[in-house]
Amino acid sequence: MKNHTDKIVFMGNFIHFLNTGASDCIIIESNGHFAMIDAGEDSDFPADKPYLNYMGYEDTVCNYLLKNCCNTDGTVTLDFVLGTHAHSDHIGGFDTVINHPLITVKKAYLKPYNQKNVFIYERLRWDNQEVYNQMKDALINNGVEITESFDEACTTLGDFEITFFNGNCKKHIFKYGENINSVVVLAEYNGRRALLAGDLNNKAFDEYRLANQIGNVDLLKVGHHGYPFSSSLHWLKTLAPKVSVVCNSEKRIYPHIKYKLTKIIKSTLFCTADTNGVKFDFDKALEPTINITK
């Protein structure tokens with residue numbers, strides 16, 4: 001296991017949403033402690049699936065960590081990482097991050113992936129199994145503790161209180177696809193609440209199930225990049241976020257999703273691909289800083 005010392009004491013409490021195109025990479029920061037939720041799309045693709053040759057963001061993510069989250073010795077320590085679900089636009093870059101010689105991961109939250117349960121289109125056309133295997137192998141090879149079942153589990157990161165929802169594997173998801181397995185993260189600090197919805201959708205009525213349990217939030221990472229089947233009106237009205245972030249460009253948000261967010265909920269909208277990332281300061285009433293992903 002990699003072991004580094006000489007930690008810088010960073011002051012402040014922030015959530016960073018990196019610009020990784022139409023993929024997710026989120027960093028939670030609290031007074032010198034860092035955690036990462038998802039790691040963006042990767043550049044790798046199976047030899048028999050050349051159509052999955054997407055633009056990868058592994059270098060962008062690693063460079064951001066080393067520039068903005070490093071210790072005095074130039075290394076990075078992540079208290080934990082979370083892979084919300086086994087899609088390459090969420091966990092594809094994790095093997096590169098975990099294997100980086102200057103980055104240490106202390107703990108990982110990663111639900112098991114069972115390809116036999118998944119919608120046949122994903123099984124045949126996508127690389128869910130490959131990216132899951134790459135992430136898990138990297139964790140094992142680097143001696144990282146892995147937690148695989150964590151529904152409604154709570155932990156802390158510096159001053160943040162963290163709660164995981166949808167943290168147990170669903171069986172028989174062949175009708176719906178892997179997105180219904182997406183973990184949702186509630187981060188709370190200083191009376192402010194942020195909900196990071198991953199790719200959660202409402203195909204199995206998870207938004208209805210979780211909305212009343214979670215209640216109002218101040219900041220919402222919109223589910224599934226602003227695409228259909230996520231962001232039901234009941235979900236958005238119950239959460240009632242003052243600020244919303246879509247990990248995508250605004251032009252790719254489906255019009256009815258954007259309408260609900262900006263016209264019905266009247267939430268202030270940020271799109272990471274248009275703002276080149278955005279960071280929110282939880283000590284200053286969610287004051288935003290854009291153009292962070294340089």
# chains A, B, ... in the order shown; residues from 1 in each chain; ligands from 1
call {"tool": "select_by_dssp", "arguments": {"residues": "segment 28-180 of chain A", "states": "strand (DSSP E or B)", "output": "ChimeraX atom specification"}}
result
/A:28-30,33-37,70,76-78,80-83,103-105,107-110,145-147,154-157,160-165
call {"tool": "residues_around", "arguments": {"residues": "Tyr208 of chain A", "least_positions_apart": "5", "cutoff": "10 Å", "atoms": "only C-alpha atoms", "output": "list in words"}}
result
Asn201, Asn202, Gln213, Ser232, Leu233, His234, Trp235 and Thr238 of chain A
call {"tool": "write_last_selection", "arguments": {"atoms": "C-alpha atoms", "output": "compact mmCIF listing (two decimals), in the first residue's frame"}}
result
# COMPACT_ATOMS: atom_id res chain seq x y z
CA ASN A 201 -33.60 7.32 -12.15
CA ASN A 202 -37.23 6.63 -11.31
CA GLN A 213 -36.75 10.27 3.28
CA SER A 232 -39.29 13.36 -11.70
CA LEU A 233 -41.37 16.34 -10.63
CA HIS A 234 -42.11 14.83 -7.21
CA TRP A 235 -38.38 14.30 -6.64
CA THR A 238 -39.58 17.51 -2.54
call {"tool": "atom_distance", "arguments": {"atom1": "atom CA of Tyr113 of chain A", "atom2": "atom CA of Gln129 of chain A"}}
result
7.3 Å
call {"tool": "residues_around", "arguments": {"residues": "Lys136 of chain A", "least_positions_apart": "2", "cutoff": "12 Å", "atoms": "only C-alpha atoms", "output": "PyMOL selection string"}}
result
chain A and resi 81-83+86+91-92+94-96+98-99+107-113+129-134+138-148
call {"tool": "write_last_selection", "arguments": {"atoms": "N, CA and C atoms", "output": "short mmCIF file (atom, residue, chain, number, x, y, z; two decimals), in the first residue's frame"}}
result
data_model
loop_
_atom_site.label_atom_id
_atom_site.label_comp_id
_atom_site.auth_asym_id
_atom_site.auth_seq_id
_atom_site.Cartn_x
_atom_site.Cartn_y
_atom_site.Cartn_z
N VAL A 81 -13.09 6.78 -1.76
CA VAL A 81 -13.66 6.97 -3.10
C VAL A 81 -14.95 6.17 -3.16
N LEU A 82 -15.85 6.64 -4.00
CA LEU A 82 -17.12 5.96 -4.24
C LEU A 82 -17.34 5.84 -5.74
N GLY A 83 -17.57 4.62 -6.19
CA GLY A 83 -18.05 4.40 -7.55
C GLY A 83 -19.56 4.23 -7.48
N ALA A 86 -21.66 0.88 -12.12
CA ALA A 86 -20.67 0.33 -13.05
C ALA A 86 -20.90 0.78 -14.49
N ILE A 91 -17.08 5.39 -13.46
CA ILE A 91 -15.94 4.74 -12.79
C ILE A 91 -14.80 4.42 -13.73
N GLY A 92 -14.92 4.81 -15.00
CA GLY A 92 -13.89 4.45 -15.96
C GLY A 92 -12.49 4.92 -15.60
N PHE A 94 -11.20 5.44 -12.60
CA PHE A 94 -10.74 5.12 -11.25
C PHE A 94 -9.47 4.28 -11.23
N ASP A 95 -9.30 3.34 -12.16
CA ASP A 95 -8.10 2.51 -12.10
C ASP A 95 -6.84 3.36 -12.25
N THR A 96 -6.92 4.40 -13.10
CA THR A 96 -5.77 5.29 -13.28
C THR A 96 -5.50 6.08 -12.00
N ILE A 98 -6.39 5.29 -8.84
CA ILE A 98 -5.97 4.40 -7.76
C ILE A 98 -4.55 3.90 -7.94
N ASN A 99 -4.16 3.67 -9.19
CA ASN A 99 -2.80 3.16 -9.47
C ASN A 99 -1.75 4.26 -9.55
N LYS A 107 -9.91 4.11 1.47
CA LYS A 107 -11.09 3.25 1.55
C LYS A 107 -11.92 3.45 0.29
N ALA A 108 -12.65 2.40 -0.11
CA ALA A 108 -13.51 2.49 -1.28
C ALA A 108 -14.89 1.93 -0.97
N TYR A 109 -15.90 2.60 -1.49
CA TYR A 109 -17.26 2.10 -1.49
C TYR A 109 -17.60 1.70 -2.93
N LEU A 110 -17.85 0.42 -3.12
CA LEU A 110 -18.11 -0.09 -4.47
C LEU A 110 -19.03 -1.30 -4.38
N LYS A 111 -20.25 -1.16 -4.85
CA LYS A 111 -21.18 -2.28 -4.84
C LYS A 111 -20.73 -3.34 -5.85
N PRO A 112 -20.97 -4.61 -5.57
CA PRO A 112 -20.65 -5.65 -6.55
C PRO A 112 -21.45 -5.45 -7.83
N TYR A 113 -20.89 -5.90 -8.93
CA TYR A 113 -21.56 -5.83 -10.22
C TYR A 113 -21.78 -7.24 -10.75
N GLN A 129 -18.70 -4.46 -17.26
CA GLN A 129 -17.91 -5.47 -16.56
C GLN A 129 -16.43 -5.11 -16.57
N GLU A 130 -15.95 -4.62 -17.70
CA GLU A 130 -14.52 -4.29 -17.83
C GLU A 130 -14.12 -3.17 -16.88
N VAL A 131 -14.91 -2.08 -16.84
CA VAL A 131 -14.52 -0.96 -15.98
C VAL A 131 -14.67 -1.32 -14.50
N TYR A 132 -15.67 -2.13 -14.18
CA TYR A 132 -15.81 -2.59 -12.80
C TYR A 132 -14.60 -3.44 -12.40
N ASN A 133 -14.22 -4.38 -13.26
CA ASN A 133 -13.07 -5.23 -12.96
C ASN A 133 -11.80 -4.41 -12.81
N GLN A 134 -11.61 -3.41 -13.68
CA GLN A 134 -10.41 -2.58 -13.62
C GLN A 134 -10.34 -1.82 -12.29
N ALA A 138 -7.64 -2.68 -9.25
CA ALA A 138 -6.74 -1.62 -8.79
C ALA A 138 -6.83 -1.45 -7.28
N LEU A 139 -8.04 -1.50 -6.74
CA LEU A 139 -8.21 -1.40 -5.29
C LEU A 139 -7.53 -2.54 -4.57
N ILE A 140 -7.74 -3.75 -5.05
CA ILE A 140 -7.13 -4.92 -4.41
C ILE A 140 -5.61 -4.86 -4.50
N ASN A 141 -5.09 -4.52 -5.68
CA ASN A 141 -3.64 -4.49 -5.87
C ASN A 141 -2.96 -3.43 -5.02
N ASN A 142 -3.70 -2.39 -4.63
CA ASN A 142 -3.14 -1.33 -3.81
C ASN A 142 -3.53 -1.46 -2.34
N GLY A 143 -4.13 -2.58 -1.97
CA GLY A 143 -4.45 -2.84 -0.58
C GLY A 143 -5.51 -1.93 0.00
N VAL A 144 -6.44 -1.47 -0.83
CA VAL A 144 -7.48 -0.55 -0.36
C VAL A 144 -8.65 -1.34 0.22
N GLU A 145 -9.11 -0.93 1.38
CA GLU A 145 -10.29 -1.54 2.00
C GLU A 145 -11.52 -1.26 1.14
N ILE A 146 -12.31 -2.30 0.86
CA ILE A 146 -13.49 -2.16 0.02
C ILE A 146 -14.74 -2.49 0.84
N THR A 147 -15.70 -1.57 0.83
CA THR A 147 -17.01 -1.82 1.43
C THR A 147 -18.01 -1.98 0.30
N GLU A 148 -18.73 -3.11 0.30
CA GLU A 148 -19.61 -3.44 -0.83
C GLU A 148 -21.09 -3.30 -0.52
#
call {"tool": "select_by_dssp", "arguments": {"residues": "segment 123-158 of chain A", "states": "alpha helix (DSSP H)", "output": "list in words"}}
result
Arg123, Leu124, Arg125, Asn128, Gln129, Glu130, Val131, Tyr132, Asn133, Gln134, Met135, Lys136, Asp137, Ala138, Leu139, Ile140 and Asn141 of chain A
call {"tool": "decode", "arguments": {"residues": "segment 224-236 of chain A", "atoms": "all heavy atoms", "output": "PDB file, in the first residue's frame"}}
result
ATOM      1  N   HIS A 224     -28.269  11.635 -13.727  1.00  0.00           N
ATOM      2  CA  HIS A 224     -28.124  11.166 -15.108  1.00  0.00           C
ATOM      3  C   HIS A 224     -27.960  12.293 -16.121  1.00  0.00           C
ATOM      4  O   HIS A 224     -28.554  12.270 -17.203  1.00  0.00           O
ATOM      5  CB  HIS A 224     -29.293  10.268 -15.495  1.00  0.00           C
ATOM      6  CG  HIS A 224     -28.997   9.387 -16.665  1.00  0.00           C
ATOM      7  ND1 HIS A 224     -29.982   8.852 -17.451  1.00  0.00           N
ATOM      8  CD2 HIS A 224     -27.814   8.958 -17.194  1.00  0.00           C
ATOM      9  CE1 HIS A 224     -29.436   8.132 -18.421  1.00  0.00           C
ATOM     10  NE2 HIS A 224     -28.112   8.179 -18.276  1.00  0.00           N
ATOM     11  N   HIS A 225     -27.153  13.314 -15.763  1.00  0.00           N
ATOM     12  CA  HIS A 225     -26.702  14.320 -16.730  1.00  0.00           C
ATOM     13  C   HIS A 225     -27.837  15.123 -17.353  1.00  0.00           C
ATOM     14  O   HIS A 225     -27.664  15.726 -18.424  1.00  0.00           O
ATOM     15  CB  HIS A 225     -25.872  13.663 -17.844  1.00  0.00           C
ATOM     16  CG  HIS A 225     -24.928  12.623 -17.356  1.00  0.00           C
ATOM     17  ND1 HIS A 225     -23.785  12.933 -16.645  1.00  0.00           N
ATOM     18  CD2 HIS A 225     -24.965  11.258 -17.437  1.00  0.00           C
ATOM     19  CE1 HIS A 225     -23.152  11.813 -16.321  1.00  0.00           C
ATOM     20  NE2 HIS A 225     -23.852  10.788 -16.775  1.00  0.00           N
ATOM     21  N   GLY A 226     -29.019  15.128 -16.715  1.00  0.00           N
ATOM     22  CA  GLY A 226     -30.150  15.864 -17.277  1.00  0.00           C
ATOM     23  C   GLY A 226     -30.887  15.106 -18.362  1.00  0.00           C
ATOM     24  O   GLY A 226     -31.584  15.707 -19.182  1.00  0.00           O
ATOM     25  N   TYR A 227     -30.766  13.768 -18.370  1.00  0.00           N
ATOM     26  CA  TYR A 227     -31.419  12.939 -19.369  1.00  0.00           C
ATOM     27  C   TYR A 227     -32.770  12.438 -18.845  1.00  0.00           C
ATOM     28  O   TYR A 227     -33.068  12.535 -17.659  1.00  0.00           O
ATOM     29  CB  TYR A 227     -30.533  11.747 -19.735  1.00  0.00           C
ATOM     30  CG  TYR A 227     -29.196  12.105 -20.343  1.00  0.00           C
ATOM     31  CD1 TYR A 227     -28.101  11.269 -20.163  1.00  0.00           C
ATOM     32  CD2 TYR A 227     -29.026  13.270 -21.089  1.00  0.00           C
ATOM     33  CE1 TYR A 227     -26.865  11.577 -20.720  1.00  0.00           C
ATOM     34  CE2 TYR A 227     -27.792  13.589 -21.640  1.00  0.00           C
ATOM     35  CZ  TYR A 227     -26.712  12.741 -21.451  1.00  0.00           C
ATOM     36  OH  TYR A 227     -25.496  13.055 -21.999  1.00  0.00           O
ATOM     37  N   PRO A 228     -33.608  11.866 -19.729  1.00  0.00           N
ATOM     38  CA  PRO A 228     -34.935  11.379 -19.306  1.00  0.00           C
ATOM     39  C   PRO A 228     -34.858  10.236 -18.303  1.00  0.00           C
ATOM     40  O   PRO A 228     -33.818   9.596 -18.140  1.00  0.00           O
ATOM     41  CB  PRO A 228     -35.560  10.891 -20.621  1.00  0.00           C
ATOM     42  CG  PRO A 228     -34.826  11.586 -21.699  1.00  0.00           C
ATOM     43  CD  PRO A 228     -33.427  11.777 -21.187  1.00  0.00           C
ATOM     44  N   PHE A 229     -35.995   9.986 -17.670  1.00  0.00           N
ATOM     45  CA  PHE A 229     -36.233   8.939 -16.681  1.00  0.00           C
ATOM     46  C   PHE A 229     -35.650   9.277 -15.311  1.00  0.00           C
ATOM     47  O   PHE A 229     -35.859   8.554 -14.345  1.00  0.00           O
ATOM     48  CB  PHE A 229     -35.741   7.567 -17.149  1.00  0.00           C
ATOM     49  CG  PHE A 229     -36.309   7.142 -18.472  1.00  0.00           C
ATOM     50  CD1 PHE A 229     -35.502   7.034 -19.584  1.00  0.00           C
ATOM     51  CD2 PHE A 229     -37.665   6.883 -18.586  1.00  0.00           C
ATOM     52  CE1 PHE A 229     -36.036   6.662 -20.812  1.00  0.00           C
ATOM     53  CE2 PHE A 229     -38.211   6.506 -19.804  1.00  0.00           C
ATOM     54  CZ  PHE A 229     -37.395   6.389 -20.926  1.00  0.00           C
ATOM     55  N   SER A 230     -34.895  10.370 -15.215  1.00  0.00           N
ATOM     56  CA  SER A 230     -34.481  10.907 -13.928  1.00  0.00           C
ATOM     57  C   SER A 230     -35.172  12.254 -13.717  1.00  0.00           C
ATOM     58  O   SER A 230     -35.775  12.799 -14.646  1.00  0.00           O
ATOM     59  CB  SER A 230     -32.961  11.102 -13.877  1.00  0.00           C
ATOM     60  OG  SER A 230     -32.283   9.877 -13.967  1.00  0.00           O
ATOM     61  N   SER A 231     -35.082  12.778 -12.499  1.00  0.00           N
ATOM     62  CA  SER A 231     -35.600  14.109 -12.172  1.00  0.00           C
ATOM     63  C   SER A 231     -37.111  14.204 -12.345  1.00  0.00           C
ATOM     64  O   SER A 231     -37.631  15.101 -13.019  1.00  0.00           O
ATOM     65  CB  SER A 231     -34.895  15.186 -13.011  1.00  0.00           C
ATOM     66  OG  SER A 231     -33.506  15.146 -12.818  1.00  0.00           O
ATOM     67  N   SER A 232     -37.830  13.281 -11.713  1.00  0.00           N
ATOM     68  CA  SER A 232     -39.293  13.365 -11.702  1.00  0.00           C
ATOM     69  C   SER A 232     -39.715  14.625 -10.955  1.00  0.00           C
ATOM     70  O   SER A 232     -38.977  15.151 -10.109  1.00  0.00           O
ATOM     71  CB  SER A 232     -39.890  12.134 -11.030  1.00  0.00           C
ATOM     72  OG  SER A 232     -39.502  12.061  -9.662  1.00  0.00           O
ATOM     73  N   LEU A 233     -40.912  15.100 -11.244  1.00  0.00           N
ATOM     74  CA  LEU A 233     -41.370  16.341 -10.630  1.00  0.00           C
ATOM     75  C   LEU A 233     -41.522  16.186  -9.117  1.00  0.00           C
ATOM     76  O   LEU A 233     -41.179  17.105  -8.355  1.00  0.00           O
ATOM     77  CB  LEU A 233     -42.699  16.779 -11.257  1.00  0.00           C
ATOM     78  CG  LEU A 233     -43.192  18.168 -10.853  1.00  0.00           C
ATOM     79  CD1 LEU A 233     -42.138  19.239 -11.172  1.00  0.00           C
ATOM     80  CD2 LEU A 233     -44.504  18.489 -11.565  1.00  0.00           C
ATOM     81  N   HIS A 234     -41.995  15.051  -8.663  1.00  0.00           N
ATOM     82  CA  HIS A 234     -42.113  14.829  -7.214  1.00  0.00           C
ATOM     83  C   HIS A 234     -40.746  14.894  -6.543  1.00  0.00           C
ATOM     84  O   HIS A 234     -40.600  15.494  -5.469  1.00  0.00           O
ATOM     85  CB  HIS A 234     -42.760  13.464  -6.944  1.00  0.00           C
ATOM     86  CG  HIS A 234     -42.822  13.113  -5.496  1.00  0.00           C
ATOM     87  ND1 HIS A 234     -43.711  13.705  -4.610  1.00  0.00           N
ATOM     88  CD2 HIS A 234     -42.079  12.244  -4.750  1.00  0.00           C
ATOM     89  CE1 HIS A 234     -43.518  13.214  -3.405  1.00  0.00           C
ATOM     90  NE2 HIS A 234     -42.532  12.328  -3.449  1.00  0.00           N
ATOM     91  N   TRP A 235     -39.753  14.277  -7.149  1.00  0.00           N
ATOM     92  CA  TRP A 235     -38.378  14.299  -6.642  1.00  0.00           C
ATOM     93  C   TRP A 235     -37.884  15.736  -6.520  1.00  0.00           C
ATOM     94  O   TRP A 235     -37.403  16.147  -5.450  1.00  0.00           O
ATOM     95  CB  TRP A 235     -37.518  13.484  -7.598  1.00  0.00           C
ATOM     96  CG  TRP A 235     -36.033  13.512  -7.447  1.00  0.00           C
ATOM     97  CD1 TRP A 235     -35.152  14.186  -8.248  1.00  0.00           C
ATOM     98  CD2 TRP A 235     -35.217  12.784  -6.501  1.00  0.00           C
ATOM     99  NE1 TRP A 235     -33.864  13.946  -7.866  1.00  0.00           N
ATOM    100  CE2 TRP A 235     -33.868  13.085  -6.796  1.00  0.00           C
ATOM    101  CE3 TRP A 235     -35.507  11.927  -5.453  1.00  0.00           C
ATOM    102  CZ2 TRP A 235     -32.804  12.547  -6.072  1.00  0.00           C
ATOM    103  CZ3 TRP A 235     -34.445  11.386  -4.732  1.00  0.00           C
ATOM    104  CH2 TRP A 235     -33.111  11.699  -5.035  1.00  0.00           C
ATOM    105  N   LEU A 236     -38.022  16.508  -7.579  1.00  0.00           N
ATOM    106  CA  LEU A 236     -37.495  17.870  -7.570  1.00  0.00           C
ATOM    107  C   LEU A 236     -38.282  18.774  -6.620  1.00  0.00           C
ATOM    108  O   LEU A 236     -37.695  19.602  -5.913  1.00  0.00           O
ATOM    109  CB  LEU A 236     -37.508  18.442  -8.986  1.00  0.00           C
ATOM    110  CG  LEU A 236     -36.559  17.778  -9.985  1.00  0.00           C
ATOM    111  CD1 LEU A 236     -36.697  18.420 -11.362  1.00  0.00           C
ATOM    112  CD2 LEU A 236     -35.106  17.857  -9.526  1.00  0.00           C
TER     113      LEU A 236
END
